[in-house]
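Worksheet: one structure, shown below.
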Amino acid sequence: MISNVTATKTHGADFDAIVVGGGFGGLYAVHKLRNEQGLHVKAYDNASDVGGTWHWNRYPGALSDTESFCYRFSFDKELLDQGSWQSRYLTQPEILEYLNGVADRFDLRSSYQFNTKIVSTRFDEATGLWHVLTDKGESASAKYLITGLGLLSAINKPLFAGIDKYRGEVYHTGAWPEGADLSGKRVGIIGTGSTGVQVIIALAPVVQHLTVFQRSAQYVVPIGNWPEDTETIDNYKANYDAIWQQIKGSQVAFGFAESTTSGLEVSEAERDRVFEEAWQRGGGFRFMFETFTDVATSHDVNASAANFIKRKIAKIVKDPEIARKLMPGDLYAKRPLCATDYYGVYNRKNVSLADVKEDPITEFTANGVRLASGIEHELDVVIFATGFDAVDGNYTKIDIHGRGGVTIREKWADGPLGYLGMMEADFPNMFMILGPNGPFTNLPPSLESQVDWIAEAIATMEADGRSTIEPTQAAEDEWVETCRTIANMTLFPKAESWIFGANIPGKKNAVMFYLGGLGNYRDALQAVRESGYDSMIFDREAVLT
Ligand code: NA7
């Protein structure tokens with residue numbers, strides 16, 4: 001299965017394909033193109049080894065909230081059969097170990113150059129090749145450029161006044177320092193998204209005092225994490241064909257069947273019964289999508305879900321004033337969160353909650369953080385769990401030039417747009433894994449679908465002797481419009497979150513995802529294949545120079 005091809009087939013190029021990124025997406029692309037299709041592939045990653053998101057996000061409590069049986073690749077039956085895990089959810093070290101195992105199994109590291117950042121990529125219309133430049137000053141050329149830059153890896157670190165004066169330590173969860181020991185320290189954490197919630201739960205029992213700076217209160221349901229024994233795991237393995245078939249035809253691809261019952265068809269008491277069942281079972285996506293079909297589309301059903309969670313907060317949190325601060329005021333329409341006893345943490349004596357919407361952070365001082373009211377929180381360490389410049393953040397950091405020198409920054413000045421979440425008009429032979437307007441799902445099955453499609457498009461090009469492929473502008477516009485129409489049928493655009501770029505000051509709100517589900521997305525990919533790629537232009541002449 002491992003290919004030893006070293007010769008480049010593309011005339012005049014160093015490689016047939018360059019892959020950027022060593023996470024799930026990049027690793028699978030290298031395997032597919034090199035081992036299965038015999039291309040000469042060079043891959044880069046800024047990190048010291050494989051892992052992508054899971055290489056960097058080593059903060060305490062880091063966990064995938066997709067269940068273990070489906071947070072993995074599906075393409076290799078033997079790899080699935082060898083899989084093993086401890087609990088219903090995988091911790092960051094387990095995921096990193098898994099990806100290392102994948103890299104070993106398919107000899108992927110031999111194609112990678114680590115500790116190397118790609119700073120620019122340029123499409124040369126005269127030769128039809130991509131030229132990449134690294135931060136080490138090296139350059140390389142290839143016919144195909146495949147970017148697996150990660151959806152959530154360009155970190156967002158808000159600039160607070162006075163941060164340079166602060167004498168304590170400052171960490172970002174997405175660049176967690178090796179060996180950081182927070183035991184016995186006074187720690188502040190800014191941010192209560194998926195990451196913040198996990199860190200808060202992990203650190204509360206360890207630190208001397210934890211101050212949570214919360215800007216938006218969150219709906220957090222239990223994750224339901226428990227050990228899974230060999231029998232349970234073997235049962236998944238025995239049923240993997242059916243499981244993956246279901247996942248690939250489903251909406252969110254989290255390994256459960258989404259509900260087809262409208263919450264509007266049942267009584268309020270029945271809604272509560274169903275929500276209680278989901279609360280006991282655990283899982284954020286399950287709570288939002290397995291309960292009723294319209295939690296994320298109907299205001300009424302959404303309000304029932306939101307009120308259910310608020311009643312839980314009131315019951316769990318002993319201090320009514322803290323409970324009030326923890327109650328979200330907006331719709332239940334961000335990426336659904338789940339964790340083990342999140343609200344219960346606020347009953348601990350060593351945890352305090354600062355509501356920075358009511359009383360904003362004005363500055364960092366030498367000793368900590370000062371709020372508008374004048375209250376100063378003295379802290380040894382401040383953790384930024386402030387998320388990512390999602391989807392396009394990692395692309396706009398690189399100087400990416402397409403036809404006629406047009407840059408991706410220019411093209412995305414009003415927000416990132418893409419065809420099928422993978423391609424861009426005027427950027428021939430560039431394939432993005434999890435680029436803009438791709439599916440919003442459990443990611444491994446989506447990126448696998450994308451890499452399979454990319455590899456097939458490349459194989460078709462090679463078989464037909466094509467030099468370039470790019471989508472028509474009309475196809476791209478139509479896809480973006482489809483994404484916009486679907487998003488507007490949901491409540492998601494009405495809640496401010498990274499899904500629409502609302503978390504980055506100055507970033508224009510954009511529909512960055514296809515919310516139509518993985519099954520429909522895969523059908524759309526299949527339709528393009530079956531049409532003989534009629535939404536694409538092949539071998540386009542250089543027109544923009
Ligand atoms: P998120 O979900 O973007 O959360 C970031 C958090 O940081 C969120 O609570 C923000 O509040 C808060 N934030 C951001 N900027 C500030 C400032 N300036 N002041 C105070 N608080 C701030 O990122 P995560 O890393 O938690 O999760 C991202 C995804 O990774 C997650 O959905 C999973 O898919 C994995 P806000 O809500 O914007 O008011």
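In the structure tokens, each chain is lettered A, B, ... as it comes, each chain's residues begin at 1, and ligands are numbered from 1 in order of appearance.
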Nearby residues, ligand 1, 6 Å, only C-alpha atoms and all ligand atoms, as a ChimeraX atom specification: /A:158,190-196,215-216,335,385-388,498,503
When DSSP is applied to the backbone of this structure, which of segment 289-425 of chain A are assigned strand (DSSP E or B)? Write them out as a ChimeraX atom specification. /A:337-339,351-355,361-364,368-371,376-378,381-384,388,399-401,407,419,423
Write out as CSV the residues of segment 243-279 of chain A that have any atom within 8 Å of an atom of segment 437-446 of chain A, one row each with the nearest atom pair and its distance in Å to one decimal, counting only C-alpha atoms, sorted by chain and then rising number.
```
residue,atom,partner,partner_atom,distance
A:Ile247,CA,A:Pro445,CA,7.8
A:Lys248,CA,A:Pro445,CA,6.9
A:Gln251,CA,A:Thr441,CA,7.3
A:Val252,CA,A:Thr441,CA,4.4
A:Ala253,CA,A:Asn442,CA,5.4
A:Phe254,CA,A:Asn442,CA,5.6
```
Shortest contact to Leu331 of chain A, candidates A:Leu203, A:Ala495, A:Leu33, A:Val212, atoms counted only C-alpha atoms, goes to A:Ala495
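Residues in contact with Gly162 of chain A at 10 Å, where only C-alpha atoms are counted and same-chain residues fewer than 3 positions away are skipped, are listed as Leu159, Lys165, Tyr166, Thr362, Glu363, Phe364, Thr365, Ala366, Gly368, Val369 and Arg370 of chain A.
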Using only C-alpha atoms, which protein or nucleic acid residues come within 9 Å of Ala339 of chain A? Drop anything in the same chain fewer than 6 positions from it, and give the result as an MDAnalysis selection string. chainID A and resid 65 194 197:198 201 220:225 282:284
Long-range neighbours of segment 140-156 of chain A as an mmCIF file with all heavy atoms, in the first residue's frame, 7 Å cut-off, only C-alpha atoms, 2 positions minimum in chain:
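Done, and the output landed in result29.cif:
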```cif
data_model
loop_
_atom_site.group_PDB
_atom_site.id
_atom_site.type_symbol
_atom_site.label_atom_id
_atom_site.label_comp_id
_atom_site.auth_asym_id
_atom_site.auth_seq_id
_atom_site.Cartn_x
_atom_site.Cartn_y
_atom_site.Cartn_z
ATOM 1 N N THR A 10 5.020 15.619 -13.136
ATOM 2 C CA THR A 10 4.727 16.904 -13.766
ATOM 3 C C THR A 10 6.004 17.521 -14.330
ATOM 4 O O THR A 10 6.961 17.749 -13.590
ATOM 5 C CB THR A 10 4.129 17.878 -12.722
ATOM 6 O OG1 THR A 10 3.105 17.200 -12.008
ATOM 7 C CG2 THR A 10 3.590 19.130 -13.382
ATOM 8 N N ALA A 13 8.291 20.580 -12.663
ATOM 9 C CA ALA A 13 7.935 20.871 -11.265
ATOM 10 C C ALA A 13 8.790 20.049 -10.306
ATOM 11 O O ALA A 13 9.282 18.974 -10.661
ATOM 12 C CB ALA A 13 6.462 20.548 -11.039
ATOM 13 N N ASP A 14 8.954 20.549 -9.083
ATOM 14 C CA ASP A 14 9.679 19.769 -8.071
ATOM 15 C C ASP A 14 8.844 18.580 -7.604
ATOM 16 O O ASP A 14 9.368 17.518 -7.299
ATOM 17 C CB ASP A 14 10.004 20.656 -6.866
ATOM 18 C CG ASP A 14 10.897 21.829 -7.237
ATOM 19 O OD1 ASP A 14 11.826 21.597 -8.043
ATOM 20 O OD2 ASP A 14 10.656 22.956 -6.752
ATOM 21 N N PHE A 15 7.546 18.823 -7.495
ATOM 22 C CA PHE A 15 6.638 17.782 -6.997
ATOM 23 C C PHE A 15 5.352 17.803 -7.822
ATOM 24 O O PHE A 15 5.052 18.794 -8.482
ATOM 25 C CB PHE A 15 6.290 18.025 -5.516
ATOM 26 C CG PHE A 15 7.514 18.131 -4.648
ATOM 27 C CD1 PHE A 15 8.013 19.378 -4.292
ATOM 28 C CD2 PHE A 15 8.182 16.992 -4.231
ATOM 29 C CE1 PHE A 15 9.157 19.483 -3.521
ATOM 30 C CE2 PHE A 15 9.337 17.079 -3.469
ATOM 31 C CZ PHE A 15 9.832 18.337 -3.101
ATOM 32 N N ASP A 16 4.597 16.717 -7.723
ATOM 33 C CA ASP A 16 3.275 16.744 -8.350
ATOM 34 C C ASP A 16 2.303 17.526 -7.471
ATOM 35 O O ASP A 16 1.484 18.288 -7.971
ATOM 36 C CB ASP A 16 2.751 15.313 -8.548
ATOM 37 C CG ASP A 16 3.620 14.532 -9.520
ATOM 38 O OD1 ASP A 16 3.891 15.063 -10.613
ATOM 39 O OD2 ASP A 16 4.047 13.410 -9.164
ATOM 40 N N ALA A 17 2.421 17.292 -6.174
ATOM 41 C CA ALA A 17 1.484 17.964 -5.262
ATOM 42 C C ALA A 17 2.203 18.426 -4.005
ATOM 43 O O ALA A 17 3.087 17.723 -3.488
ATOM 44 C CB ALA A 17 0.352 17.020 -4.885
ATOM 45 N N ILE A 18 1.812 19.590 -3.526
ATOM 46 C CA ILE A 18 2.295 20.083 -2.227
ATOM 47 C C ILE A 18 1.093 20.118 -1.298
ATOM 48 O O ILE A 18 0.024 20.623 -1.663
ATOM 49 C CB ILE A 18 2.935 21.478 -2.370
ATOM 50 C CG1 ILE A 18 4.286 21.341 -3.073
ATOM 51 C CG2 ILE A 18 3.094 22.150 -0.998
ATOM 52 C CD1 ILE A 18 4.993 22.648 -3.379
ATOM 53 N N VAL A 19 1.279 19.528 -0.115
ATOM 54 C CA VAL A 19 0.216 19.495 0.887
ATOM 55 C C VAL A 19 0.668 20.343 2.067
ATOM 56 O O VAL A 19 1.795 20.171 2.552
ATOM 57 C CB VAL A 19 -0.057 18.041 1.351
ATOM 58 C CG1 VAL A 19 -1.037 18.007 2.510
ATOM 59 C CG2 VAL A 19 -0.564 17.189 0.187
ATOM 60 N N VAL A 20 -0.173 21.242 2.501
ATOM 61 C CA VAL A 20 0.186 22.057 3.662
ATOM 62 C C VAL A 20 -0.699 21.639 4.832
ATOM 63 O O VAL A 20 -1.929 21.733 4.744
ATOM 64 C CB VAL A 20 0.018 23.571 3.379
ATOM 65 C CG1 VAL A 20 0.635 24.382 4.515
ATOM 66 C CG2 VAL A 20 0.636 23.954 2.040
ATOM 67 N N GLY A 21 -0.069 21.183 5.899
ATOM 68 C CA GLY A 21 -0.821 20.795 7.092
ATOM 69 C C GLY A 21 -0.652 19.328 7.433
ATOM 70 O O GLY A 21 -0.674 18.468 6.542
ATOM 71 N N GLY A 25 -6.706 16.310 7.882
ATOM 72 C CA GLY A 25 -6.894 16.543 6.452
ATOM 73 C C GLY A 25 -5.623 16.338 5.654
ATOM 74 O O GLY A 25 -5.605 15.602 4.656
ATOM 75 N N GLY A 26 -4.536 16.984 6.081
ATOM 76 C CA GLY A 26 -3.268 16.885 5.359
ATOM 77 C C GLY A 26 -2.751 15.451 5.319
ATOM 78 O O GLY A 26 -2.295 14.962 4.271
ATOM 79 N N THR A 53 -4.524 20.612 14.720
ATOM 80 C CA THR A 53 -5.217 21.205 15.876
ATOM 81 C C THR A 53 -4.840 20.505 17.170
ATOM 82 O O THR A 53 -4.646 21.147 18.207
ATOM 83 C CB THR A 53 -6.744 21.055 15.668
ATOM 84 O OG1 THR A 53 -7.102 21.842 14.532
ATOM 85 C CG2 THR A 53 -7.538 21.492 16.868
ATOM 86 N N GLY A 128 1.672 26.974 -15.279
ATOM 87 C CA GLY A 128 0.581 26.213 -14.660
ATOM 88 C C GLY A 128 1.007 25.556 -13.357
ATOM 89 O O GLY A 128 0.406 24.574 -12.933
ATOM 90 N N LEU A 129 2.041 26.090 -12.726
ATOM 91 C CA LEU A 129 2.522 25.485 -11.476
ATOM 92 C C LEU A 129 2.314 26.426 -10.290
ATOM 93 O O LEU A 129 2.317 27.656 -10.451
ATOM 94 C CB LEU A 129 4.019 25.164 -11.577
ATOM 95 C CG LEU A 129 4.453 24.197 -12.673
ATOM 96 C CD1 LEU A 129 5.967 23.975 -12.602
ATOM 97 C CD2 LEU A 129 3.724 22.852 -12.554
ATOM 98 N N TRP A 130 2.186 25.819 -9.126
ATOM 99 C CA TRP A 130 2.182 26.583 -7.873
ATOM 100 C C TRP A 130 3.607 26.662 -7.333
ATOM 101 O O TRP A 130 4.337 25.660 -7.363
ATOM 102 C CB TRP A 130 1.279 25.908 -6.836
ATOM 103 C CG TRP A 130 -0.161 26.225 -7.032
ATOM 104 C CD1 TRP A 130 -1.077 25.483 -7.712
ATOM 105 C CD2 TRP A 130 -0.842 27.396 -6.571
ATOM 106 N NE1 TRP A 130 -2.298 26.116 -7.700
ATOM 107 C CE2 TRP A 130 -2.187 27.294 -7.000
ATOM 108 C CE3 TRP A 130 -0.466 28.529 -5.831
ATOM 109 C CZ2 TRP A 130 -3.141 28.271 -6.714
ATOM 110 C CZ3 TRP A 130 -1.416 29.490 -5.549
ATOM 111 C CH2 TRP A 130 -2.733 29.365 -5.991
ATOM 112 N N HIS A 131 3.974 27.823 -6.856
ATOM 113 C CA HIS A 131 5.281 27.999 -6.207
ATOM 114 C C HIS A 131 5.038 28.377 -4.758
ATOM 115 O O HIS A 131 4.310 29.323 -4.486
ATOM 116 C CB HIS A 131 6.078 29.114 -6.902
ATOM 117 C CG HIS A 131 6.466 28.748 -8.295
ATOM 118 N ND1 HIS A 131 7.685 28.185 -8.609
ATOM 119 C CD2 HIS A 131 5.764 28.808 -9.451
ATOM 120 C CE1 HIS A 131 7.720 27.932 -9.914
ATOM 121 N NE2 HIS A 131 6.568 28.309 -10.446
ATOM 122 N N VAL A 132 5.635 27.616 -3.849
ATOM 123 C CA VAL A 132 5.474 27.964 -2.442
ATOM 124 C C VAL A 132 6.815 28.425 -1.884
ATOM 125 O O VAL A 132 7.881 27.981 -2.325
ATOM 126 C CB VAL A 132 4.926 26.793 -1.580
ATOM 127 C CG1 VAL A 132 3.652 26.217 -2.171
ATOM 128 C CG2 VAL A 132 5.956 25.705 -1.386
ATOM 129 N N LEU A 133 6.708 29.320 -0.932
ATOM 130 C CA LEU A 133 7.903 29.849 -0.272
ATOM 131 C C LEU A 133 7.753 29.599 1.223
ATOM 132 O O LEU A 133 6.686 29.862 1.792
ATOM 133 C CB LEU A 133 7.998 31.351 -0.554
ATOM 134 C CG LEU A 133 9.250 32.060 -0.054
ATOM 135 C CD1 LEU A 133 10.497 31.584 -0.807
ATOM 136 C CD2 LEU A 133 9.082 33.585 -0.238
ATOM 137 N N GLU A 138 13.125 28.704 1.600
ATOM 138 C CA GLU A 138 13.155 27.663 0.562
ATOM 139 C C GLU A 138 11.920 27.819 -0.330
ATOM 140 O O GLU A 138 10.886 28.283 0.129
ATOM 141 C CB GLU A 138 13.081 26.268 1.192
ATOM 142 C CG GLU A 138 14.182 25.953 2.160
ATOM 143 C CD GLU A 138 13.757 24.898 3.163
ATOM 144 O OE1 GLU A 138 12.573 24.887 3.563
ATOM 145 O OE2 GLU A 138 14.613 24.105 3.547
ATOM 146 N N PRO A 158 -7.337 38.682 21.764
ATOM 147 C CA PRO A 158 -7.712 40.103 21.806
ATOM 148 C C PRO A 158 -6.626 40.935 22.462
ATOM 149 O O PRO A 158 -5.928 40.470 23.375
ATOM 150 C CB PRO A 158 -8.973 40.103 22.673
ATOM 151 C CG PRO A 158 -9.401 38.706 22.815
ATOM 152 C CD PRO A 158 -8.250 37.824 22.499
ATOM 153 N N GLY A 174 -4.748 27.661 22.578
ATOM 154 C CA GLY A 174 -4.369 27.085 21.282
ATOM 155 C C GLY A 174 -2.858 27.055 21.071
ATOM 156 O O GLY A 174 -2.392 26.615 20.012
ATOM 157 N N THR A 386 -9.903 32.356 24.067
ATOM 158 C CA THR A 386 -10.690 33.304 23.262
ATOM 159 C C THR A 386 -10.871 32.843 21.820
ATOM 160 O O THR A 386 -11.262 33.638 20.963
ATOM 161 C CB THR A 386 -10.034 34.695 23.307
ATOM 162 O OG1 THR A 386 -8.618 34.536 23.146
ATOM 163 C CG2 THR A 386 -10.301 35.396 24.623
ATOM 164 N N GLY A 387 -10.569 31.605 21.554
ATOM 165 C CA GLY A 387 -10.942 31.011 20.272
ATOM 166 C C GLY A 387 -10.021 31.334 19.117
ATOM 167 O O GLY A 387 -8.838 31.663 19.297
ATOM 168 N N PHE A 388 -10.600 31.249 17.942
ATOM 169 C CA PHE A 388 -9.824 31.254 16.703
ATOM 170 C C PHE A 388 -10.406 32.224 15.695
ATOM 171 O O PHE A 388 -11.593 32.512 15.711
ATOM 172 C CB PHE A 388 -9.825 29.852 16.089
ATOM 173 C CG PHE A 388 -9.333 28.801 17.038
ATOM 174 C CD1 PHE A 388 -10.215 28.116 17.865
ATOM 175 C CD2 PHE A 388 -7.984 28.515 17.125
ATOM 176 C CE1 PHE A 388 -9.759 27.157 18.753
ATOM 177 C CE2 PHE A 388 -7.516 27.557 18.011
ATOM 178 C CZ PHE A 388 -8.409 26.876 18.826
ATOM 179 N N ASP A 389 -9.534 32.672 14.817
ATOM 180 C CA ASP A 389 -10.005 33.374 13.628
ATOM 181 C C ASP A 389 -10.348 32.238 12.653
ATOM 182 O O ASP A 389 -9.518 31.790 11.861
ATOM 183 C CB ASP A 389 -8.869 34.263 13.095
ATOM 184 C CG ASP A 389 -9.329 35.125 11.942
ATOM 185 O OD1 ASP A 389 -10.483 34.956 11.514
ATOM 186 O OD2 ASP A 389 -8.535 35.951 11.467
ATOM 187 N N ALA A 390 -11.591 31.757 12.773
ATOM 188 C CA ALA A 390 -11.957 30.473 12.172
ATOM 189 C C ALA A 390 -12.038 30.526 10.651
ATOM 190 O O ALA A 390 -12.290 31.562 10.061
ATOM 191 C CB ALA A 390 -13.307 30.012 12.727
ATOM 192 N N VAL A 391 -11.841 29.388 10.056
ATOM 193 C CA VAL A 391 -11.985 29.095 8.623
ATOM 194 C C VAL A 391 -10.932 29.795 7.754
ATOM 195 O O VAL A 391 -10.079 29.157 7.164
ATOM 196 C CB VAL A 391 -13.401 29.417 8.087
ATOM 197 C CG1 VAL A 391 -13.519 29.013 6.614
ATOM 198 C CG2 VAL A 391 -14.457 28.695 8.908
ATOM 199 N N GLY A 393 -8.838 32.392 8.758
ATOM 200 C CA GLY A 393 -7.742 33.035 9.490
ATOM 201 C C GLY A 393 -6.374 32.535 9.067
ATOM 202 O O GLY A 393 -5.422 33.308 8.921
ATOM 203 N N ASN A 394 -6.276 31.225 8.838
ATOM 204 C CA ASN A 394 -4.975 30.669 8.467
ATOM 205 C C ASN A 394 -4.633 30.921 7.007
ATOM 206 O O ASN A 394 -3.465 30.834 6.618
ATOM 207 C CB ASN A 394 -4.962 29.155 8.724
ATOM 208 C CG ASN A 394 -4.277 28.844 10.030
ATOM 209 O OD1 ASN A 394 -3.620 29.708 10.611
ATOM 210 N ND2 ASN A 394 -4.429 27.627 10.493
ATOM 211 N N ASN A 429 -6.167 24.537 -9.575
ATOM 212 C CA ASN A 429 -5.412 23.421 -8.970
ATOM 213 C C ASN A 429 -5.119 23.620 -7.485
ATOM 214 O O ASN A 429 -4.232 22.976 -6.932
ATOM 215 C CB ASN A 429 -4.083 23.169 -9.706
ATOM 216 C CG ASN A 429 -4.296 22.753 -11.139
ATOM 217 O OD1 ASN A 429 -5.442 22.677 -11.587
ATOM 218 N ND2 ASN A 429 -3.208 22.483 -11.849
ATOM 219 N N MET A 430 -5.833 24.555 -6.862
ATOM 220 C CA MET A 430 -5.698 24.715 -5.413
ATOM 221 C C MET A 430 -6.931 24.096 -4.768
ATOM 222 O O MET A 430 -8.063 24.454 -5.110
ATOM 223 C CB MET A 430 -5.588 26.185 -5.023
ATOM 224 C CG MET A 430 -5.463 26.381 -3.512
ATOM 225 S SD MET A 430 -5.197 28.112 -3.055
ATOM 226 C CE MET A 430 -6.818 28.535 -2.458
ATOM 227 N N PHE A 431 -6.704 23.159 -3.868
ATOM 228 C CA PHE A 431 -7.802 22.471 -3.192
ATOM 229 C C PHE A 431 -7.673 22.698 -1.693
ATOM 230 O O PHE A 431 -6.644 22.369 -1.101
ATOM 231 C CB PHE A 431 -7.743 20.965 -3.463
ATOM 232 C CG PHE A 431 -7.901 20.610 -4.921
ATOM 233 C CD1 PHE A 431 -6.784 20.461 -5.736
ATOM 234 C CD2 PHE A 431 -9.162 20.409 -5.466
ATOM 235 C CE1 PHE A 431 -6.927 20.117 -7.077
ATOM 236 C CE2 PHE A 431 -9.316 20.058 -6.801
ATOM 237 C CZ PHE A 431 -8.195 19.914 -7.611
ATOM 238 N N MET A 432 -8.709 23.254 -1.105
ATOM 239 C CA MET A 432 -8.688 23.509 0.338
ATOM 240 C C MET A 432 -9.459 22.396 1.052
ATOM 241 O O MET A 432 -10.579 22.062 0.645
ATOM 242 C CB MET A 432 -9.366 24.849 0.639
ATOM 243 C CG MET A 432 -8.699 26.029 -0.030
ATOM 244 S SD MET A 432 -9.669 27.562 0.191
ATOM 245 C CE MET A 432 -11.074 27.238 -0.848
ATOM 246 N N ILE A 433 -8.878 21.857 2.094
ATOM 247 C CA ILE A 433 -9.619 20.908 2.925
ATOM 248 C C ILE A 433 -10.248 21.733 4.048
ATOM 249 O O ILE A 433 -9.539 22.465 4.748
ATOM 250 C CB ILE A 433 -8.679 19.825 3.508
ATOM 251 C CG1 ILE A 433 -7.905 19.139 2.375
ATOM 252 C CG2 ILE A 433 -9.471 18.821 4.335
ATOM 253 C CD1 ILE A 433 -6.734 18.293 2.847
ATOM 254 N N LEU A 434 -11.550 21.648 4.169
ATOM 255 C CA LEU A 434 -12.299 22.466 5.144
ATOM 256 C C LEU A 434 -12.124 23.960 4.889
ATOM 257 O O LEU A 434 -11.973 24.748 5.814
ATOM 258 C CB LEU A 434 -11.907 22.116 6.600
ATOM 259 C CG LEU A 434 -12.034 20.655 7.013
ATOM 260 C CD1 LEU A 434 -11.611 20.465 8.466
ATOM 261 C CD2 LEU A 434 -13.461 20.152 6.843
#
```
Segment 183-337 of chain A: which residues are alpha helix (DSSP H) by DSSP, as a PyMOL selection string? chain A and resi 194-203+230-238+240-249+268-281+284-289+299-316+320-326
Given only C-alpha atoms as the counted atoms, nearest of A:Gln218, A:Thr173, A:Ser267, A:Ser259 to Pro328 of chain A: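 For Pro328 of chain A, the nearest of the given residues is A:Gln218.
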Which neighbours of Ile243 of chain A fall inside 10 Å, counting only C-alpha atoms, when residues of the same chain fewer than 2 positions from it are skipped, and could you give them as a PDB file with N, CA and C atoms, in the first residue's frame?
```pdb
ATOM      1  N   PHE A  69     -16.053   6.496  18.813  1.00  0.00           N
ATOM      2  CA  PHE A  69     -16.189   5.544  17.696  1.00  0.00           C
ATOM      3  C   PHE A  69     -16.209   6.245  16.349  1.00  0.00           C
ATOM      4  N   CYS A  70     -16.535   7.547  16.331  1.00  0.00           N
ATOM      5  CA  CYS A  70     -16.589   8.207  15.020  1.00  0.00           C
ATOM      6  C   CYS A  70     -15.707   9.445  14.924  1.00  0.00           C
ATOM      7  N   SER A  74     -12.419   6.705   8.437  1.00  0.00           N
ATOM      8  CA  SER A  74     -13.221   5.518   8.116  1.00  0.00           C
ATOM      9  C   SER A  74     -12.667   4.754   6.923  1.00  0.00           C
ATOM     10  N   TYR A 236     -19.150  -1.766  18.179  1.00  0.00           N
ATOM     11  CA  TYR A 236     -19.001  -0.727  17.148  1.00  0.00           C
ATOM     12  C   TYR A 236     -18.275  -1.309  15.938  1.00  0.00           C
ATOM     13  N   LYS A 237     -17.189  -2.025  16.223  1.00  0.00           N
ATOM     14  CA  LYS A 237     -16.375  -2.560  15.117  1.00  0.00           C
ATOM     15  C   LYS A 237     -17.182  -3.496  14.230  1.00  0.00           C
ATOM     16  N   ALA A 238     -18.006  -4.327  14.881  1.00  0.00           N
ATOM     17  CA  ALA A 238     -18.796  -5.292  14.114  1.00  0.00           C
ATOM     18  C   ALA A 238     -19.815  -4.583  13.219  1.00  0.00           C
ATOM     19  N   ASN A 239     -20.165  -3.367  13.613  1.00  0.00           N
ATOM     20  CA  ASN A 239     -21.228  -2.656  12.867  1.00  0.00           C
ATOM     21  C   ASN A 239     -20.709  -1.461  12.075  1.00  0.00           C
ATOM     22  N   TYR A 240     -19.393  -1.396  11.900  1.00  0.00           N
ATOM     23  CA  TYR A 240     -18.835  -0.182  11.304  1.00  0.00           C
ATOM     24  C   TYR A 240     -19.364   0.132   9.899  1.00  0.00           C
ATOM     25  N   ASP A 241     -19.625  -0.886   9.100  1.00  0.00           N
ATOM     26  CA  ASP A 241     -20.106  -0.575   7.744  1.00  0.00           C
ATOM     27  C   ASP A 241     -21.404   0.225   7.819  1.00  0.00           C
ATOM     28  N   GLN A 245     -22.018   4.258   7.015  1.00  0.00           N
ATOM     29  CA  GLN A 245     -23.026   4.571   5.996  1.00  0.00           C
ATOM     30  C   GLN A 245     -24.040   5.567   6.566  1.00  0.00           C
ATOM     31  N   GLN A 246     -24.451   5.318   7.812  1.00  0.00           N
ATOM     32  CA  GLN A 246     -25.414   6.237   8.452  1.00  0.00           C
ATOM     33  C   GLN A 246     -24.791   7.627   8.608  1.00  0.00           C
ATOM     34  N   ILE A 247     -23.551   7.662   9.108  1.00  0.00           N
ATOM     35  CA  ILE A 247     -22.890   8.952   9.358  1.00  0.00           C
ATOM     36  C   ILE A 247     -22.786   9.753   8.061  1.00  0.00           C
ATOM     37  N   LYS A 248     -22.380   9.087   6.998  1.00  0.00           N
ATOM     38  CA  LYS A 248     -22.145   9.807   5.739  1.00  0.00           C
ATOM     39  C   LYS A 248     -23.431  10.264   5.056  1.00  0.00           C
ATOM     40  N   GLY A 255     -22.752  10.428  14.442  1.00  0.00           N
ATOM     41  CA  GLY A 255     -22.957   9.023  14.791  1.00  0.00           C
ATOM     42  C   GLY A 255     -24.301   8.732  15.436  1.00  0.00           C
ATOM     43  N   PHE A 256     -25.273   9.603  15.245  1.00  0.00           N
ATOM     44  CA  PHE A 256     -26.634   9.316  15.691  1.00  0.00           C
ATOM     45  C   PHE A 256     -27.590   9.779  14.601  1.00  0.00           C
TER      46      PHE A 256
END
```
Looking at A:Phe292, A:Tyr219, A:Trp226, A:Trp56, which one is nearest to Lys312 of chain A, with distances taken over only C-alpha atoms?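 Smallest separation from Lys312 of chain A among the options: A:Tyr219.
Proximity to Met489 of chain A was assessed for A:Asp452, A:Glu410, A:Asp392, A:Asp294 counting only C-alpha atoms; the smallest distance is recorded for A:Asp294.
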